[in-house]
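What follows is a single structure, written as structure tokens, with notes after it.
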Amino acid sequence: MSNRIVILGGGAGGIVVANKLRKALPKHTEIVLVDKELDHIFYPSLLWLMVGEREANQIQKPLLSLEKKGINFLNALVQKIDFENRTVLTSKGDVTYDCLIIALGANTYPEKIPGFSEAAYNLYDLSGAERLREAISDFGGGRVVVLISSTPFKCPAAPYEAALILSSYFKQREKNVEIEVVTPEKLPMPTVGPEIGKKIVFLLQSNGIKFTPEHNVNSINPEKKEIEFQNGRKIFYDLLIGIPPHGLPPVLQDSPISGRNGWVKVDPRTLETDFENVYAIGDITEIPLPNGKFLPKAGVFAHFQAEVVAHNIAAKIKGESGIKEFEGKGYCFIELGDGRAGYASGNFYSEPEPTIKMRNPSMFWHWGKALFEKWWLWKWF
Ligand SMILES: Cc1cc2nc3c(=O)[nH]c(=O)nc-3n(C[C@H](O)[C@H](O)[C@H](O)COP(=O)(O)OP(=O)(O)OC[C@H]3O[C@@H](n4cnc5c(N)ncnc54)[C@H](O)[C@@H]3O)c2cc1C
């Protein structure tokens, strides 16, 4: 089987699976990676870009450079997947596959909240983060609100990191700024339990950041600079940073692969879908955990899932035994903005609850995160 392996998406999951498969398989097995964008972005660094510590060209790599490794890159929009005929329909023609890995990530839909696009800086895309950087440097002072519009969203720590980094940024510039994080969650990072959530709230509050939980946004009025919530409350802002609603990319929304909850159902250990020789990894998947919650959407999981899938596909093609399984392990650096970071790691598949440990913030973890960024952009390109 598998003369042609097609990978949809050149994000965190897609580039790892492409590299690993290329290394494991002989040249006559064709590997094609399709992405609508020309560049891979290392998303965690948007937080540093926001405060002027990175430029866009420092956190991106051209996907075309994968070709020098023997991975064919097709810069096209995926329009449809015809599972019956094993064909991907793209803006640049049809591509047939013997084996398919879908790693198209979660899309953001700011338009789902009336007023969001006009009022909020979208921290979750490159152009939004770049515009936010300008707004921050021009900001004279006042109320900054970081608004999480709905769950799930990518990287459960990112909005809290953004608030902490901004707090430190404004303190250094001696600007009179009040920061508030408003979220539908009860506590930050709810999947990992209340202990870590309370630690994050403590970090926020000890930096003077207000935490407002259990608030679901209804709409935003850009003229009045007011956010209206479903509980009737209104919150005023001078500068609004928004995490938009997330969902499957349009191409997967009406696809037979999309599950009841609007994400892709997979085997939690092998990432196989209901379709033969079709795998799904990363943010498009929905993986239930023993505690009734779902595996968070984070690059670390896309990465580890990609390694498992690449190993198993290569073993199948080469007729080797020894299947690997994704074990639910993950980790996360939590930037504080003052040259320190915290670090949480553990196993999300543990029963009855994930077993996650959080290390005290230190410079060590901050440098760990910066080194990881360099390693990532070197390793896969
Ligand atoms: C600000 C921020 C900070 C973050 N920090 C962390 C962190 O510290 N740690 C961590 O683990 N995670 C972090 N994340 C989350 C992490 O970036 C994502 O979870 C990860 O990128 C998911 O990988 P993926 O391969 O599933 O999807 P993605 O990386 O989103 O890749 C999807 C790819 O598919 C392409 N695509 C989509 N639709 C189409 C289409 N129709 N046709 C062709 N191409 C298409 C996209 O262009 C994209 O390249 C952060 C995210 C953000 C926004």
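Each chain in the structure tokens gets a letter, A, B, ..., in the order shown, and its residues are numbered from 1; ligands are numbered from 1 in order too.
Within segment 179-225 of chain A, residues classed as strand (DSSP E) by DSSP on backbone coordinates are Ile179, Glu180, Val181, Val182, Lys210, Phe211, Thr212, Val217, Asn218, Ser219, Ile220 and Asn221 of chain A.
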Those residues with all heavy atoms, as an mmCIF file, in the first residue's frame please?
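Dumped to again_32.cif:
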data_model
loop_
_atom_site.group_PDB
_atom_site.id
_atom_site.type_symbol
_atom_site.label_atom_id
_atom_site.label_comp_id
_atom_site.auth_asym_id
_atom_site.auth_seq_id
_atom_site.Cartn_x
_atom_site.Cartn_y
_atom_site.Cartn_z
ATOM 1 N N ILE A 179 -5.495 45.697 33.891
ATOM 2 C CA ILE A 179 -5.747 44.563 32.975
ATOM 3 C C ILE A 179 -6.765 43.611 33.603
ATOM 4 O O ILE A 179 -6.698 43.303 34.794
ATOM 5 C CB ILE A 179 -4.438 43.804 32.646
ATOM 6 C CG1 ILE A 179 -3.407 44.772 32.024
ATOM 7 C CG2 ILE A 179 -4.695 42.632 31.705
ATOM 8 C CD1 ILE A 179 -2.058 44.142 31.716
ATOM 9 N N GLU A 180 -7.677 43.144 32.759
ATOM 10 C CA GLU A 180 -8.698 42.189 33.232
ATOM 11 C C GLU A 180 -8.827 41.061 32.208
ATOM 12 O O GLU A 180 -8.892 41.331 31.002
ATOM 13 C CB GLU A 180 -10.044 42.934 33.389
ATOM 14 C CG GLU A 180 -11.174 42.030 33.843
ATOM 15 C CD GLU A 180 -12.450 42.816 34.212
ATOM 16 O OE1 GLU A 180 -12.443 44.069 34.134
ATOM 17 O OE2 GLU A 180 -13.449 42.157 34.558
ATOM 18 N N VAL A 181 -8.841 39.822 32.687
ATOM 19 C CA VAL A 181 -9.113 38.695 31.791
ATOM 20 C C VAL A 181 -10.540 38.234 32.055
ATOM 21 O O VAL A 181 -10.904 37.959 33.203
ATOM 22 C CB VAL A 181 -8.150 37.498 32.030
ATOM 23 C CG1 VAL A 181 -8.412 36.389 31.018
ATOM 24 C CG2 VAL A 181 -6.696 37.944 31.962
ATOM 25 N N VAL A 182 -11.346 38.155 30.990
ATOM 26 C CA VAL A 182 -12.743 37.742 31.135
ATOM 27 C C VAL A 182 -12.949 36.464 30.315
ATOM 28 O O VAL A 182 -12.579 36.411 29.141
ATOM 29 C CB VAL A 182 -13.702 38.846 30.634
ATOM 30 C CG1 VAL A 182 -15.136 38.500 31.013
ATOM 31 C CG2 VAL A 182 -13.318 40.207 31.195
ATOM 32 N N LYS A 210 -6.997 41.515 37.005
ATOM 33 C CA LYS A 210 -8.300 41.055 37.495
ATOM 34 C C LYS A 210 -8.740 39.820 36.701
ATOM 35 O O LYS A 210 -8.575 39.788 35.476
ATOM 36 C CB LYS A 210 -9.317 42.189 37.323
ATOM 37 C CG LYS A 210 -10.571 41.973 38.080
ATOM 38 C CD LYS A 210 -11.439 43.220 38.054
ATOM 39 C CE LYS A 210 -12.799 42.856 38.609
ATOM 40 N NZ LYS A 210 -13.803 43.822 38.265
ATOM 41 N N PHE A 211 -9.300 38.815 37.399
ATOM 42 C CA PHE A 211 -9.780 37.604 36.734
ATOM 43 C C PHE A 211 -11.298 37.544 36.875
ATOM 44 O O PHE A 211 -11.817 37.511 37.991
ATOM 45 C CB PHE A 211 -9.120 36.372 37.373
ATOM 46 C CG PHE A 211 -9.645 35.072 36.825
ATOM 47 C CD1 PHE A 211 -9.408 34.715 35.504
ATOM 48 C CD2 PHE A 211 -10.380 34.201 37.624
ATOM 49 C CE1 PHE A 211 -9.888 33.516 34.985
ATOM 50 C CE2 PHE A 211 -10.871 33.001 37.118
ATOM 51 C CZ PHE A 211 -10.626 32.666 35.797
ATOM 52 N N THR A 212 -12.000 37.560 35.757
ATOM 53 C CA THR A 212 -13.469 37.531 35.777
ATOM 54 C C THR A 212 -13.959 36.268 35.076
ATOM 55 O O THR A 212 -14.001 36.206 33.843
ATOM 56 C CB THR A 212 -14.043 38.795 35.095
ATOM 57 O OG1 THR A 212 -13.470 39.928 35.746
ATOM 58 C CG2 THR A 212 -15.556 38.851 35.188
ATOM 59 N N VAL A 217 -19.642 36.037 26.360
ATOM 60 C CA VAL A 217 -19.903 37.276 25.610
ATOM 61 C C VAL A 217 -21.114 37.109 24.686
ATOM 62 O O VAL A 217 -21.326 36.049 24.104
ATOM 63 C CB VAL A 217 -18.645 37.704 24.808
ATOM 64 C CG1 VAL A 217 -18.207 36.633 23.845
ATOM 65 C CG2 VAL A 217 -18.860 39.019 24.076
ATOM 66 N N ASN A 218 -21.873 38.205 24.581
ATOM 67 C CA ASN A 218 -22.994 38.257 23.649
ATOM 68 C C ASN A 218 -22.594 39.036 22.418
ATOM 69 O O ASN A 218 -22.694 38.567 21.295
ATOM 70 C CB ASN A 218 -24.125 39.020 24.346
ATOM 71 C CG ASN A 218 -25.441 38.351 24.157
ATOM 72 O OD1 ASN A 218 -25.521 37.367 23.437
ATOM 73 N ND2 ASN A 218 -26.463 38.879 24.802
ATOM 74 N N SER A 219 -22.146 40.280 22.674
ATOM 75 C CA SER A 219 -21.767 41.166 21.566
ATOM 76 C C SER A 219 -20.831 42.247 22.099
ATOM 77 O O SER A 219 -20.676 42.407 23.317
ATOM 78 C CB SER A 219 -23.019 41.815 20.972
ATOM 79 O OG SER A 219 -23.649 42.596 21.975
ATOM 80 N N ILE A 220 -20.225 42.966 21.158
ATOM 81 C CA ILE A 220 -19.320 44.059 21.542
ATOM 82 C C ILE A 220 -19.769 45.313 20.804
ATOM 83 O O ILE A 220 -20.070 45.260 19.605
ATOM 84 C CB ILE A 220 -17.856 43.718 21.170
ATOM 85 C CG1 ILE A 220 -17.454 42.380 21.801
ATOM 86 C CG2 ILE A 220 -16.896 44.817 21.621
ATOM 87 C CD1 ILE A 220 -16.171 41.785 21.257
ATOM 88 N N ASN A 221 -19.808 46.426 21.536
ATOM 89 C CA ASN A 221 -20.182 47.686 20.910
ATOM 90 C C ASN A 221 -18.912 48.545 20.755
ATOM 91 O O ASN A 221 -18.428 49.123 21.728
ATOM 92 C CB ASN A 221 -21.213 48.406 21.790
ATOM 93 C CG ASN A 221 -21.716 49.682 21.138
ATOM 94 O OD1 ASN A 221 -20.991 50.347 20.408
ATOM 95 N ND2 ASN A 221 -22.966 50.023 21.412
#
Report the closest atom pair, with its distance in Å rounded to one decimal, for each residue of chain A that has an atom no farther than 7 Å from ligand 1; count only C-alpha atoms and all ligand atoms, sort by chain and then rising residue number, and write it as a Markdown table.
| residue | atom | partner | partner_atom_place_in_ligand_line | distance |
| --- | --- | --- | --- | --- |
| A:Leu8 | CA | ligand 1 | 44 (N) | 6.4 |
| A:Gly9 | CA | ligand 1 | 34 (O) | 3.5 |
| A:Gly10 | CA | ligand 1 | 49 (O) | 4.4 |
| A:Gly11 | CA | ligand 1 | 31 (O) | 3.2 |
| A:Ala12 | CA | ligand 1 | 25 (O) | 4.0 |
| A:Gly13 | CA | ligand 1 | 25 (O) | 3.6 |
| A:Gly14 | CA | ligand 1 | 25 (O) | 5.3 |
| A:Val34 | CA | ligand 1 | 43 (C) | 5.9 |
| A:Asp35 | CA | ligand 1 | 44 (N) | 3.6 |
| A:Lys36 | CA | ligand 1 | 43 (C) | 3.9 |
| A:Glu37 | CA | ligand 1 | 47 (O) | 5.0 |
| A:His40 | CA | ligand 1 | 49 (O) | 5.9 |
| A:Phe42 | CA | ligand 1 | 17 (O) | 6.8 |
| A:Tyr43 | CA | ligand 1 | 17 (O) | 4.6 |
| A:Pro44 | CA | ligand 1 | 5 (N) | 3.5 |
| A:Ser45 | CA | ligand 1 | 3 (C) | 6.7 |
| A:Leu46 | CA | ligand 1 | 1 (C) | 5.2 |
| A:Leu47 | CA | ligand 1 | 1 (C) | 5.8 |
| A:Ala76 | CA | ligand 1 | 43 (C) | 5.8 |
| A:Leu77 | CA | ligand 1 | 42 (N) | 3.7 |
| A:Val78 | CA | ligand 1 | 42 (N) | 3.7 |
| A:Gln79 | CA | ligand 1 | 41 (N) | 5.9 |
| A:Ala103 | CA | ligand 1 | 25 (O) | 4.9 |
| A:Leu104 | CA | ligand 1 | 34 (O) | 3.6 |
| A:Gly105 | CA | ligand 1 | 27 (O) | 3.2 |
| A:Ala106 | CA | ligand 1 | 30 (O) | 5.8 |
| A:Leu123 | CA | ligand 1 | 1 (C) | 6.1 |
| A:Tyr124 | CA | ligand 1 | 53 (C) | 4.1 |
| A:Asp125 | CA | ligand 1 | 53 (C) | 6.5 |
| A:Lys154 | CA | ligand 1 | 15 (C) | 4.8 |
| A:Cys155 | CA | ligand 1 | 14 (N) | 4.4 |
| A:Ala158 | CA | ligand 1 | 3 (C) | 5.1 |
| A:Pro249 | CA | ligand 1 | 38 (N) | 5.4 |
| A:Pro250 | CA | ligand 1 | 41 (N) | 6.9 |
| A:Val251 | CA | ligand 1 | 41 (N) | 5.5 |
| A:Ile281 | CA | ligand 1 | 26 (O) | 6.1 |
| A:Gly282 | CA | ligand 1 | 26 (O) | 3.4 |
| A:Asp283 | CA | ligand 1 | 26 (O) | 3.9 |
| A:Ile284 | CA | ligand 1 | 26 (O) | 6.0 |
| A:Lys297 | CA | ligand 1 | 19 (O) | 4.9 |
| A:Ala298 | CA | ligand 1 | 19 (O) | 3.2 |
| A:Gly299 | CA | ligand 1 | 11 (O) | 3.5 |
| A:Val300 | CA | ligand 1 | 11 (O) | 3.9 |
| A:Phe301 | CA | ligand 1 | 11 (O) | 6.6 |
| A:Ala302 | CA | ligand 1 | 23 (O) | 5.2 |
| A:Cys332 | CA | ligand 1 | 9 (N) | 5.5 |
| A:Phe333 | CA | ligand 1 | 8 (O) | 5.9 |
**Report entry** Residues near Ala120 of chain A, cut-off 6 Å, only C-alpha atoms, skip fewer than 5 positions along chain, as number ranges by chain
**Finding:** A: 240-242
Restricting the output to N, CA, C and O atoms, write the selected residues as a PDB file, in the first residue's frame.
ATOM      1  N   LEU A 240      -9.035  46.293  23.545  1.00  0.00           N
ATOM      2  CA  LEU A 240      -9.617  44.953  23.681  1.00  0.00           C
ATOM      3  C   LEU A 240      -8.807  43.927  22.886  1.00  0.00           C
ATOM      4  O   LEU A 240      -8.573  44.090  21.681  1.00  0.00           O
ATOM      5  N   ILE A 241      -8.391  42.873  23.600  1.00  0.00           N
ATOM      6  CA  ILE A 241      -7.669  41.769  22.963  1.00  0.00           C
ATOM      7  C   ILE A 241      -8.599  40.568  23.003  1.00  0.00           C
ATOM      8  O   ILE A 241      -9.070  40.190  24.086  1.00  0.00           O
ATOM      9  N   GLY A 242      -8.869  39.986  21.835  1.00  0.00           N
ATOM     10  CA  GLY A 242      -9.899  38.946  21.809  1.00  0.00           C
ATOM     11  C   GLY A 242      -9.377  37.602  21.344  1.00  0.00           C
ATOM     12  O   GLY A 242      -8.517  37.509  20.469  1.00  0.00           O
TER      13      GLY A 242
END
**Report entry** Contact residues around segment 23-26 of chain A with only C-alpha atoms at 12 Å, ignoring same-chain residues under 5 positions, as a PyMOL selection string
**Finding:** chain A and resi 2-5+16-18+31+69-71+307+309-320+380
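Remark: for Tyr331 of chain A, the closest of the candidate residues A:Ile101, A:Met358, A:Leu166, A:Ile227 is A:Met358 (distances computed over only C-alpha atoms).
Note that the spacing between atom CA of Glu118 of chain A and atom CA of Ile165 of chain A amounts to 24.0 Å.
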Report task. Between A:His303, A:Arg260, A:Lys265, A:Lys357, single out the one closest to Thr285 of chain A, counting only C-alpha atoms. Result -> A:Lys265
**Report entry** A:Asn72, A:Asn291, A:Val88, A:Ala56 ranked by distance to Gly128 of chain A, top pick (using only C-alpha atoms)
**Finding:** A:Ala56
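Nearest to Lys61 of chain A of all the residues A:Ala129, A:Ala157, A:Ile41, A:Ile287 is A:Ile41, counting only C-alpha atoms.
Candidate residues A:Val51, A:Ile323, A:Ile334, A:Leu248 were compared for distance to Gln172 of chain A, and the nearest is A:Val51, using only C-alpha atoms.
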Query - Distance criterion (only C-alpha atoms): nearest to Ile15 of chain A out of A:Ile59, A:Leu66, A:Met50, A:Leu147 - result: A:Leu66
